[in-house]
Every structure is written in C-alpha cells, then in structure tokens.
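Chemist: structure.txt (compact mmCIF, C-alpha atoms) pasted underneath:
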# COMPACT_ATOMS: atom_id res chain seq x y z
CA MET A 5 -24.46 24.66 36.65
CA ASN A 6 -24.46 26.59 39.99
CA VAL A 7 -21.06 26.19 41.59
CA GLY A 8 -22.58 27.16 44.95
CA LEU A 9 -24.33 23.78 45.15
CA ILE A 10 -21.07 21.97 45.70
CA PRO A 11 -20.35 23.20 49.31
CA PHE A 12 -24.02 22.67 50.28
CA ILE A 13 -23.83 19.02 49.30
CA SER A 14 -20.53 18.68 51.12
CA ASN A 15 -22.00 20.03 54.42
CA GLU A 16 -24.93 17.62 54.20
CA LEU A 17 -22.50 14.74 53.97
CA THR A 18 -20.51 16.07 56.95
CA ASN A 19 -23.59 16.14 59.24
CA SER A 20 -24.57 12.64 58.18
CA ILE A 21 -21.17 11.00 58.58
CA ALA A 22 -20.13 12.71 61.84
CA SER A 23 -21.80 9.99 63.97
CA GLN A 24 -20.19 7.07 62.13
CA THR A 25 -16.95 5.17 62.71
CA ARG A 26 -13.39 6.31 62.05
CA ASP A 27 -13.38 4.47 58.75
CA ALA A 28 -16.50 6.34 57.75
CA MET A 29 -14.80 9.61 58.75
CA VAL A 30 -11.95 8.74 56.39
CA THR A 31 -14.50 8.04 53.66
CA HIS A 32 -16.09 11.42 54.32
CA ARG A 33 -12.79 13.20 53.98
CA LEU A 34 -12.26 11.47 50.61
CA VAL A 35 -15.73 12.42 49.42
CA ARG A 36 -15.25 16.02 50.50
CA ALA A 37 -11.92 16.12 48.77
CA ASN A 38 -13.53 14.76 45.62
CA PHE A 39 -16.19 17.44 45.74
CA ARG A 40 -13.57 20.14 46.16
CA HIS A 41 -11.65 18.68 43.21
CA ALA A 42 -14.82 18.61 41.09
CA ALA A 43 -15.62 22.19 42.05
CA LEU A 44 -12.13 23.29 41.02
CA ILE A 45 -12.46 21.55 37.61
CA LEU A 46 -15.89 23.08 37.05
CA MET A 47 -14.68 26.58 37.89
CA LEU A 48 -11.75 26.17 35.52
CA ALA A 49 -14.12 25.02 32.75
CA LEU A 50 -16.43 27.99 33.31
CA SER A 51 -13.45 30.30 33.27
CA ALA A 52 -12.35 28.82 29.93
CA LEU A 53 -15.81 29.35 28.45
CA ASP A 54 -15.83 32.95 29.66
CA SER A 55 -12.49 33.54 27.93
CA GLY A 56 -13.96 32.44 24.56
CA ALA A 57 -12.22 29.07 24.34
CA ALA A 58 -13.43 26.73 21.53
CA LEU A 59 -13.06 23.07 20.55
CA PRO A 60 -9.54 22.18 19.43
CA GLN A 61 -8.83 22.45 15.71
CA SER A 62 -5.94 20.05 15.84
CA SER A 63 -4.88 16.86 17.58
CA ASP A 64 -1.30 16.39 18.74
CA GLY A 65 -0.32 19.31 16.57
CA GLN A 66 -1.94 17.81 13.47
CA GLU A 67 -4.95 19.25 11.65
CA LEU A 68 -8.10 17.17 12.05
CA PRO A 69 -9.03 15.30 8.83
CA SER A 70 -11.72 17.05 6.83
CA LEU A 71 -13.17 17.05 3.32
CA ALA A 72 -13.95 20.76 3.59
CA PRO A 73 -10.85 22.08 1.74
CA MET A 74 -11.56 19.83 -1.25
CA LEU A 75 -15.29 20.61 -1.28
CA GLU A 76 -14.68 24.36 -1.10
CA LYS A 77 -12.93 24.13 -4.47
CA ILE A 78 -15.55 22.12 -6.38
CA THR A 79 -19.03 22.53 -4.89
CA SER A 80 -19.61 25.70 -6.90
CA ALA A 81 -19.37 23.49 -10.02
CA VAL A 82 -22.39 21.43 -8.92
CA VAL A 83 -25.68 23.11 -9.79
CA ASN A 84 -29.40 22.63 -9.24
CA ILE A 85 -31.56 22.15 -12.33
CA ALA A 86 -35.29 22.95 -12.48
CA THR A 87 -37.40 22.26 -15.56
CA GLU A 88 -40.90 23.00 -16.78
CA GLY A 89 -42.44 21.11 -19.67
CA HIS A 90 -45.41 19.13 -20.89
CA VAL A 91 -46.28 15.58 -21.80
CA GLU A 92 -48.97 14.13 -24.00
CA ILE A 93 -51.92 12.57 -22.20
CA ARG A 94 -53.22 9.28 -23.50
CA SER A 95 -56.95 9.49 -22.91
CA ASN A 96 -59.86 7.29 -23.97
CA PRO A 97 -60.29 7.72 -27.76
CA LEU A 98 -64.07 8.10 -27.29
CA LEU A 99 -63.52 11.24 -25.24
CA ASN A 100 -61.70 12.78 -28.20
CA ASP A 101 -64.48 11.95 -30.71
CA PRO A 102 -66.35 15.21 -31.64
CA PHE A 103 -69.63 13.28 -32.15
CA PHE A 104 -69.30 11.72 -28.67
CA GLN A 105 -68.57 15.12 -27.17
CA ARG A 106 -71.63 16.75 -28.82
CA PHE A 107 -73.99 13.85 -28.06
CA PHE A 108 -73.08 13.63 -24.37
CA ASN A 109 -72.24 17.33 -24.02
CA ALA A 110 -68.79 16.28 -22.85
CA PRO A 111 -66.06 18.94 -22.75
CA ALA A 112 -62.99 18.48 -24.90
CA GLN A 113 -60.29 16.66 -22.98
CA PRO A 114 -56.85 18.30 -22.55
CA ARG A 115 -54.19 16.54 -24.59
CA GLN A 116 -51.23 17.78 -22.56
CA ARG A 117 -50.31 18.35 -18.95
CA LYS A 118 -47.55 20.46 -17.44
CA THR A 119 -44.58 18.82 -15.78
CA GLN A 120 -41.91 20.04 -13.40
CA SER A 121 -38.73 18.39 -12.21
CA LEU A 122 -35.81 19.08 -9.91
CA GLY A 123 -32.37 17.57 -10.33
CA SER A 124 -28.68 18.31 -10.35
CA GLY A 125 -25.92 19.00 -12.84
CA VAL A 126 -22.16 19.46 -13.06
CA ILE A 127 -20.25 22.19 -14.90
CA ILE A 128 -17.55 20.43 -16.92
CA ASP A 129 -16.45 23.38 -19.10
CA ALA A 130 -16.53 26.84 -17.50
CA LYS A 131 -15.45 28.74 -20.63
CA ARG A 132 -18.23 27.31 -22.79
CA GLY A 133 -20.72 27.02 -19.94
CA LEU A 134 -21.33 23.30 -20.50
CA VAL A 135 -23.29 21.46 -17.82
CA VAL A 136 -23.76 17.69 -17.87
CA THR A 137 -26.80 16.08 -16.25
CA ASN A 138 -29.14 13.10 -16.73
CA ASN A 139 -31.42 12.82 -19.72
CA HIS A 140 -34.34 12.00 -17.44
CA VAL A 141 -33.82 15.29 -15.57
CA ILE A 142 -34.45 17.44 -18.67
CA ALA A 143 -36.72 15.11 -20.67
CA ASN A 144 -39.82 16.90 -22.08
CA ALA A 145 -38.50 20.23 -20.77
CA ASP A 146 -39.62 23.44 -22.46
CA GLN A 147 -37.69 25.60 -20.01
CA ILE A 148 -34.51 24.72 -18.10
CA THR A 149 -33.19 26.86 -15.24
CA VAL A 150 -29.79 26.32 -13.65
CA LYS A 151 -29.24 27.63 -10.14
CA LEU A 152 -25.66 28.21 -9.08
CA ARG A 153 -24.42 27.85 -5.53
CA ASP A 154 -24.06 31.64 -5.23
CA GLY A 155 -27.81 31.98 -5.82
CA ARG A 156 -27.82 33.05 -9.47
CA ASN A 157 -30.54 31.58 -11.71
CA LEU A 158 -29.50 31.18 -15.35
CA LYS A 159 -31.57 30.08 -18.31
CA ALA A 160 -30.11 27.02 -19.97
CA GLU A 161 -30.20 25.82 -23.57
CA LEU A 162 -30.31 22.12 -24.40
CA VAL A 163 -27.24 21.08 -26.37
CA GLY A 164 -28.19 17.42 -26.76
CA SER A 165 -29.31 14.33 -24.87
CA ASP A 166 -28.85 10.58 -25.12
CA PRO A 167 -31.54 8.40 -23.51
CA ASP A 168 -29.49 5.23 -24.09
CA THR A 169 -26.86 6.38 -21.57
CA ASP A 170 -29.10 8.84 -19.67
CA VAL A 171 -26.66 11.69 -20.34
CA ALA A 172 -27.60 15.22 -21.40
CA VAL A 173 -25.70 18.46 -21.88
CA VAL A 174 -27.09 21.98 -21.40
CA LYS A 175 -25.37 25.31 -21.90
CA ILE A 176 -25.46 28.42 -19.72
CA SER A 177 -23.96 31.89 -20.08
CA GLY A 178 -22.50 33.59 -17.04
CA GLU A 179 -19.39 34.94 -15.43
CA ARG A 180 -17.26 33.38 -12.69
CA LEU A 181 -18.24 29.82 -13.52
CA THR A 182 -16.29 26.95 -11.98
CA ALA A 183 -15.77 23.54 -13.60
CA VAL A 184 -14.81 20.27 -11.96
CA PRO A 185 -11.92 18.28 -13.49
CA LEU A 186 -12.70 14.82 -14.90
CA ALA A 187 -10.81 11.76 -13.66
CA ASP A 188 -10.05 8.58 -15.59
CA SER A 189 -12.81 6.29 -14.32
CA ASP A 190 -10.91 3.22 -15.58
CA ASN A 191 -8.55 3.73 -12.64
CA LEU A 192 -11.30 3.33 -10.02
CA ARG A 193 -11.05 0.46 -7.55
CA VAL A 194 -13.59 -1.11 -5.24
CA GLY A 195 -13.03 0.49 -1.84
CA ASP A 196 -12.01 3.94 -3.12
CA TYR A 197 -13.59 6.76 -1.11
CA VAL A 198 -16.05 8.95 -3.00
CA VAL A 199 -18.33 11.91 -2.26
CA ALA A 200 -21.76 12.50 -3.80
CA ILE A 201 -22.93 16.10 -4.29
CA GLY A 202 -26.43 17.01 -5.43
CA ASN A 203 -29.86 18.41 -4.62
CA PRO A 204 -31.82 15.62 -2.89
CA PHE A 205 -35.56 16.22 -2.48
CA GLY A 206 -35.02 19.84 -3.56
CA LEU A 207 -33.39 20.68 -0.22
CA GLY A 208 -30.40 22.39 -1.81
CA GLN A 209 -26.81 21.34 -2.23
CA THR A 210 -26.01 18.34 -0.04
CA VAL A 211 -22.81 16.32 0.40
CA THR A 212 -22.64 12.64 1.37
CA SER A 213 -19.72 10.23 1.44
CA GLY A 214 -19.05 6.52 0.94
CA ILE A 215 -16.96 4.12 -1.07
CA ILE A 216 -17.01 2.43 -4.46
CA SER A 217 -19.01 -0.74 -3.79
CA ALA A 218 -18.71 -2.31 -7.25
CA LEU A 219 -17.70 -1.48 -10.83
CA ALA A 220 -19.04 -2.24 -14.31
CA ARG A 221 -22.58 -3.01 -13.16
CA SER A 222 -24.79 -3.97 -16.11
CA GLY A 223 -28.03 -5.78 -16.82
CA LEU A 224 -29.95 -3.57 -14.38
CA GLY A 225 -32.36 -2.11 -16.94
CA ILE A 226 -31.53 1.45 -15.90
CA THR A 227 -30.08 2.54 -19.24
CA GLY A 228 -29.52 0.97 -22.64
CA TYR A 229 -25.74 1.02 -22.25
CA GLU A 230 -24.67 0.18 -18.70
CA ASN A 231 -21.22 0.22 -17.18
CA LEU A 232 -22.29 1.71 -13.88
CA ILE A 233 -20.40 2.54 -10.70
CA GLN A 234 -22.11 1.27 -7.56
CA THR A 235 -21.63 3.27 -4.36
CA ASP A 236 -22.99 3.38 -0.84
CA ALA A 237 -22.71 7.19 -0.69
CA SER A 238 -26.25 8.37 0.05
CA ILE A 239 -28.09 9.19 -3.20
CA ASN A 240 -31.74 10.20 -3.15
CA PRO A 241 -34.33 11.61 -5.59
CA GLY A 242 -33.00 14.96 -6.78
CA ASN A 243 -29.38 13.77 -6.77
CA SER A 244 -29.82 12.68 -10.39
CA GLY A 245 -27.26 14.42 -12.57
CA GLY A 246 -25.09 15.35 -9.61
CA ALA A 247 -21.42 14.70 -9.06
CA LEU A 248 -19.60 11.67 -7.70
CA VAL A 249 -16.04 12.80 -6.95
CA ASN A 250 -12.90 11.27 -5.49
CA LEU A 251 -10.94 12.73 -2.58
CA ARG A 252 -8.86 14.82 -5.00
CA GLY A 253 -12.01 16.64 -6.08
CA GLU A 254 -12.09 15.01 -9.52
CA LEU A 255 -15.34 13.89 -11.14
CA VAL A 256 -15.51 10.10 -11.40
CA GLY A 257 -19.22 9.70 -12.22
CA ILE A 258 -22.64 11.28 -12.73
CA ASN A 259 -25.20 10.02 -10.23
CA THR A 260 -28.14 8.53 -12.07
CA ALA A 261 -30.21 6.03 -10.06
CA ILE A 262 -30.73 4.16 -6.80
CA TYR A 263 -31.91 0.68 -5.99
CA SER A 264 -34.74 1.00 -3.51
CA GLN A 265 -38.18 -0.48 -2.84
CA SER A 266 -39.23 2.49 -0.71
CA GLY A 267 -37.89 5.31 -2.88
CA GLY A 268 -35.29 6.31 -0.30
CA ASN A 269 -31.62 5.53 -0.02
CA ILE A 270 -30.62 2.07 1.23
CA GLY A 271 -26.94 2.30 0.31
CA ILE A 272 -27.13 1.10 -3.29
CA GLY A 273 -26.66 3.94 -5.74
CA PHE A 274 -25.38 4.04 -9.31
CA ALA A 275 -23.37 6.54 -11.32
CA ILE A 276 -22.31 6.76 -14.96
CA PRO A 277 -18.49 6.64 -15.15
CA THR A 278 -16.76 9.74 -16.47
CA ASN A 279 -15.10 7.97 -19.39
CA MET A 280 -18.53 7.11 -20.80
CA VAL A 281 -19.79 10.61 -19.93
CA ARG A 282 -16.82 12.16 -21.74
CA GLN A 283 -17.40 10.16 -24.94
CA VAL A 284 -21.12 10.93 -24.98
CA THR A 285 -20.80 14.63 -24.18
CA ASP A 286 -18.14 15.12 -26.86
CA GLN A 287 -20.56 13.78 -29.49
CA LEU A 288 -23.52 15.72 -28.10
CA VAL A 289 -21.51 18.95 -28.32
CA ASP A 290 -20.20 18.17 -31.82
CA TYR A 291 -23.33 16.67 -33.41
CA GLY A 292 -26.24 17.21 -31.00
CA GLU A 293 -26.63 13.43 -30.86
CA VAL A 294 -24.60 10.27 -30.31
CA ARG A 295 -23.43 8.44 -33.44
CA ARG A 296 -22.64 4.88 -32.44
CA GLY A 297 -20.70 2.24 -34.30
CA PHE A 298 -22.43 -0.88 -35.59
CA LEU A 299 -20.81 -4.30 -35.26
CA GLY A 300 -23.55 -6.56 -36.61
CA ALA A 301 -23.09 -9.52 -34.27
CA GLN A 302 -25.03 -11.21 -31.52
CA LEU A 303 -22.93 -11.59 -28.37
CA GLN A 304 -22.70 -13.88 -25.36
CA ASP A 305 -20.52 -13.80 -22.25
CA LEU A 306 -17.52 -16.12 -22.17
CA ASP A 307 -18.41 -18.23 -19.13
CA PRO A 308 -16.16 -20.91 -17.55
CA ASP A 309 -17.91 -23.75 -19.40
CA LEU A 310 -17.40 -22.12 -22.80
CA ALA A 311 -13.81 -21.21 -21.96
CA SER A 312 -13.09 -24.85 -21.08
CA ALA A 313 -14.79 -26.04 -24.28
CA PHE A 314 -12.65 -23.67 -26.33
CA GLY A 315 -9.50 -24.67 -24.43
CA MET A 316 -8.97 -21.10 -23.20
CA THR A 317 -7.31 -20.14 -19.93
CA THR A 318 -8.86 -16.67 -19.81
CA ARG A 319 -12.32 -16.15 -18.37
CA LYS A 320 -12.88 -12.71 -19.85
CA GLY A 321 -14.30 -12.03 -23.29
CA ALA A 322 -17.38 -12.07 -25.51
CA VAL A 323 -18.42 -14.92 -27.80
CA LEU A 324 -19.83 -14.05 -31.25
CA VAL A 325 -22.98 -16.16 -31.54
CA ASN A 326 -24.28 -14.91 -34.90
CA ILE A 327 -22.96 -12.63 -37.65
CA LEU A 328 -25.32 -10.55 -39.79
CA ASP A 329 -24.79 -10.66 -43.55
CA ARG A 330 -23.01 -7.67 -45.07
CA SER A 331 -22.43 -6.21 -41.59
CA PRO A 332 -19.09 -4.71 -40.50
CA ALA A 333 -18.37 -7.88 -38.53
CA HIS A 334 -19.04 -10.00 -41.64
CA GLU A 335 -16.88 -7.79 -43.85
CA ALA A 336 -14.08 -7.95 -41.29
CA GLY A 337 -14.08 -11.75 -41.52
CA LEU A 338 -15.45 -12.51 -38.05
CA LEU A 339 -17.22 -15.86 -37.66
CA PRO A 340 -19.69 -17.38 -35.20
CA GLY A 341 -17.74 -18.90 -32.34
CA ASP A 342 -15.00 -16.31 -32.41
CA VAL A 343 -14.10 -14.91 -28.98
CA VAL A 344 -13.29 -11.19 -28.64
CA THR A 345 -10.86 -10.61 -25.78
CA ALA A 346 -9.80 -7.01 -26.50
CA VAL A 347 -10.73 -3.94 -28.56
CA ASN A 348 -7.90 -1.55 -29.44
CA ASP A 349 -5.73 -3.28 -26.80
CA LYS A 350 -8.38 -2.72 -24.13
CA VAL A 351 -9.48 -5.92 -22.40
CA VAL A 352 -13.10 -6.98 -22.97
CA ALA A 353 -14.69 -8.25 -19.76
CA ASN A 354 -17.96 -9.59 -21.19
CA ALA A 355 -20.59 -9.05 -23.87
CA ALA A 356 -21.92 -5.86 -22.27
CA ASP A 357 -18.40 -4.44 -22.12
CA LEU A 358 -17.85 -5.17 -25.82
CA ARG A 359 -21.17 -3.53 -26.68
CA ASN A 360 -20.22 -0.45 -24.68
CA GLN A 361 -16.82 -0.19 -26.33
Would you write out, as structure tokens, the structure that this file holds?

Modeler:
Amino acid sequence: MNVGLIPFISNELTNSIASQTRDAMVTHRLVRANFRHAALILMLALSALDSGAALPQSSDGQELPSLAPMLEKITSAVVNIATEGHVEIRSNPLLNDPFFQRFFNAPAQPRQRKTQSLGSGVIIDAKRGLVVTNNHVIANADQITVKLRDGRNLKAELVGSDPDTDVAVVKISGERLTAVPLADSDNLRVGDYVVAIGNPFGLGQTVTSGIISALARSGLGITGYENLIQTDASINPGNSGGALVNLRGELVGINTAIYSQSGGNIGIGFAIPTNMVRQVTDQLVDYGEVRRGFLGAQLQDLDPDLASAFGMTTRKGAVLVNILDRSPAHEAGLLPGDVVTAVNDKVVANAADLRNQ
C-alpha cells in the first residue's frame, strides 16, 4: 500500500466539506483525524515488516498447540510401499485351445498381466527391520520396495501375510530405522483424538487428524475377522497399511479401508486395532502364517429377547447354537444354549468378539 495516498484523500475531503455547516466541519475533523490515525498504524506495520517481524509463536506467554513435536518423533517410522507383481488372466477357454488358434490363426493369449500398487506401512521393530502393512497392499507382489521418509529405497522381503485380518509383515535391512511404539487398543474410547499418517494417492507422506468415531465394528465384509476402529480422520486410497496414532505418538491401529461410494474420503474410515495386529504379526514372524484355534460351535449374539428368555441381566455375550461332534467345544462339555460371557476373564461382547478372541 502507498502511504502517500492517505494525505491526498484527506485533502479531497477538506475541499468538499469546507462549504458545509459547522457540524459537517466537526465531522471533517473527525474523518481527518481517523485518516491520520490509520496512516500512523500503517506506517508502524510497514516498519515492523521491514524489521523482520513474524507471526507470534505464543499466546499470552503460552506455546500455541501443535501436533508437530509428536509427529517429528514418529513420522520417520511410517513408510511408502510400492509393489510390482502379476495376476492370472481368466480368458475364454476357446482362445487357449491350440486347434482354435491354428484354425483361426489367432495368437496365443497372455495368461498373466503385470500389476503395480502403492500403499503405506509402519516400522514396528527397528532392530529387526519389521514393517507391518495390509495384505491387500502386497498381494501378488513379486517385488516390494519400501521408501523411507529420508528418501532411501530399500528392497523388502515378505515375512508372512494373513488375508483373514488383512495384515502382512515385510522385512527391510537398513541403518537408522525408527519404530513407532504400540498402544493397548483395548483402552481406546470413542472421542479420543487420533492422527492418520500414510501415502494417499501416491502424493507422499500426509498427515490428517480426527477422532475415534466407533469401536469394535464388525459385519462389514472388509476382512474375515473384524474388530475395526472407525475414525473420521481423512483416509484415502494409498493410506492402506499406514498408521493411526494417538496424541502420545503411539500406534493404535493400521488403516485398512474406507466406506465411500465415490472412492474418496467421506469421514468413515476403518483401522485394524493394534492388539489384533500384535497377535497376528507375532505368529507371522514365528511361523510365516497364522495358526488359529478351533472352537467347533455355531454362535449367535445374545440379544435382549434371548437374555430375557434366559433370565439374564447382562446383555453381552454369545449364545452357542450348535456344537460339532468331537470338537474342542464338545470335549470341553459345552452344550447348545450355553452363553459365553467371558474368555480368560475378558468380557465377550457378542458372537464376532468371541470368534476374534
């Protein structure tokens, strides 16, 4: 702004008001005074800019709230994952018939096509170089490359994957790796603040924030075993396998899916809780696969009607509908109609919870 414009405007007003009444003269003096005051403020502001002044970093002596200190400690543990692989192509059987190909001079059809994917991962063990991600990120991968925040590209080896929980573990070798600590996801509450970190749309590491919208989501058809965290932190394609952390910088979940009709974020995202991730990754590291227990019973939720029929005051539990012969449930003496309310002193919320446990 040109400070010289201020007096020019003031003189124009003086010439215009000079022929008016005394009251108007008083008004003119007030206007001129206001212009002088504005000019003084503007000159002071320009002087401050010339002296290199910046926006305040504190308010009333207190530091402004920021997630930056926490993120600076853990974002190097969140990595980008790129894969190359192939999938089988299901073509018309006639096109694969040698007689058909010779008769119609048709070229042999390719049986495979190359695939590429971009996703995210989280380093959970820096010493061993263990990175957890989603199974669907590395599925059908012949080559897995992990890109660290400092720009290094490292070849990764698949340790194991579990499609039923959509969890996979890969291993990298490198120096100066950083791991993120794992929280106890059983302590999460609806309303807790969380931060999602990942690689949406291949843009590079991106941070979004939100809250825990719901817990123990199941029956969504996303994975075989579901006990998902729902969050409104923005999660988009490419965030799969990335980190969901609390404000202490602890991992509470692995981002896995979104609910969307358009393919973009609408505020409904899902993450696999760390307690499930920890159990699965431990088995993948030890055995290369997940070895699950077998109960041998068909289950049903304990709803209010059943609870009233059984004379129960609790509304949480799983009803055993059928017991398979010679199954562990049968050998343990369980019977149809029994209600399971806890496993190893841990409360059972419903049939899906019992199955997960």

Chemist: As a JSON list (two decimals) with C-alpha atoms, in the coordinates of the input, please: the residues near range 271-278 of chain A (cut-off 9 Å, only C-alpha atoms, same-chain neighbours under 2 positions excluded).

Modeler:
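result.json was written with the following content:
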[["chain", "number", "residue", "atom", "x", "y", "z"],
["A", 169, "THR", "CA", -26.86, 6.38, -21.57],
["A", 170, "ASP", "CA", -29.10, 8.84, -19.67],
["A", 171, "VAL", "CA", -26.66, 11.69, -20.34],
["A", 186, "LEU", "CA", -12.70, 14.82, -14.90],
["A", 187, "ALA", "CA", -10.81, 11.76, -13.66],
["A", 188, "ASP", "CA", -10.05, 8.58, -15.59],
["A", 189, "SER", "CA", -12.81, 6.29, -14.32],
["A", 190, "ASP", "CA", -10.91, 3.22, -15.58],
["A", 214, "GLY", "CA", -19.05, 6.52, 0.94],
["A", 217, "SER", "CA", -19.01, -0.74, -3.79],
["A", 220, "ALA", "CA", -19.04, -2.24, -14.31],
["A", 221, "ARG", "CA", -22.58, -3.01, -13.16],
["A", 230, "GLU", "CA", -24.67, 0.18, -18.70],
["A", 231, "ASN", "CA", -21.22, 0.22, -17.18],
["A", 232, "LEU", "CA", -22.29, 1.71, -13.88],
["A", 233, "ILE", "CA", -20.40, 2.54, -10.70],
["A", 234, "GLN", "CA", -22.11, 1.27, -7.56],
["A", 235, "THR", "CA", -21.63, 3.27, -4.36],
["A", 236, "ASP", "CA", -22.99, 3.38, -0.84],
["A", 237, "ALA", "CA", -22.71, 7.19, -0.69],
["A", 238, "SER", "CA", -26.25, 8.37, 0.05],
["A", 239, "ILE", "CA", -28.09, 9.19, -3.20],
["A", 240, "ASN", "CA", -31.74, 10.20, -3.15],
["A", 244, "SER", "CA", -29.82, 12.68, -10.39],
["A", 245, "GLY", "CA", -27.26, 14.42, -12.57],
["A", 247, "ALA", "CA", -21.42, 14.70, -9.06],
["A", 248, "LEU", "CA", -19.60, 11.67, -7.70],
["A", 255, "LEU", "CA", -15.34, 13.89, -11.14],
["A", 256, "VAL", "CA", -15.51, 10.10, -11.40],
["A", 257, "GLY", "CA", -19.22, 9.70, -12.22],
["A", 258, "ILE", "CA", -22.64, 11.28, -12.73],
["A", 259, "ASN", "CA", -25.20, 10.02, -10.23],
["A", 260, "THR", "CA", -28.14, 8.53, -12.07],
["A", 261, "ALA", "CA", -30.21, 6.03, -10.06],
["A", 262, "ILE", "CA", -30.73, 4.16, -6.80],
["A", 263, "TYR", "CA", -31.91, 0.68, -5.99],
["A", 264, "SER", "CA", -34.74, 1.00, -3.51],
["A", 269, "ASN", "CA", -31.62, 5.53, -0.02],
["A", 280, "MET", "CA", -18.53, 7.11, -20.80],
["A", 281, "VAL", "CA", -19.79, 10.61, -19.93],
["A", 282, "ARG", "CA", -16.82, 12.16, -21.74],
["A", 283, "GLN", "CA", -17.40, 10.16, -24.94]]

Chemist: Using only C-alpha atoms, which of A:Val351, A:Ala143, A:Ala218, A:Val323 sits nearest Leu338 in chain A?

Modeler: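 Distance minimum relative to Leu338 in chain A lands on A:Val323.
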
Chemist: Give me, as a PyMOL selection string, all polymer residues having an atom no more than 10 Å from Asp129 in chain A, counting all atoms listed in the file and skipping those fewer than 6 positions away in the same chain.

Modeler: chain A and resi 81+135-136+175+181-185

Chemist: Report the distance between CA of Lys320 in chain A and CA of Val294 in chain A in Å, rounded to one decimal place.

Modeler: 27.8 Å

Chemist: With only C-alpha atoms as the basis for distance, which of A:Thr317, A:Asn144, A:Ser121, A:Gln361 is at the shortest distance from Phe205 in chain A?

Modeler: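 Ranked by minimum distance to Phe205 in chain A, first place goes to A:Ser121.
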
Chemist: By how many Å are CA of Gly253 in chain A and CA of Val211 in chain A apart?

Modeler: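 About the pair CA of Gly253 in chain A and CA of Val211 in chain A: they are 12.6 Å apart.
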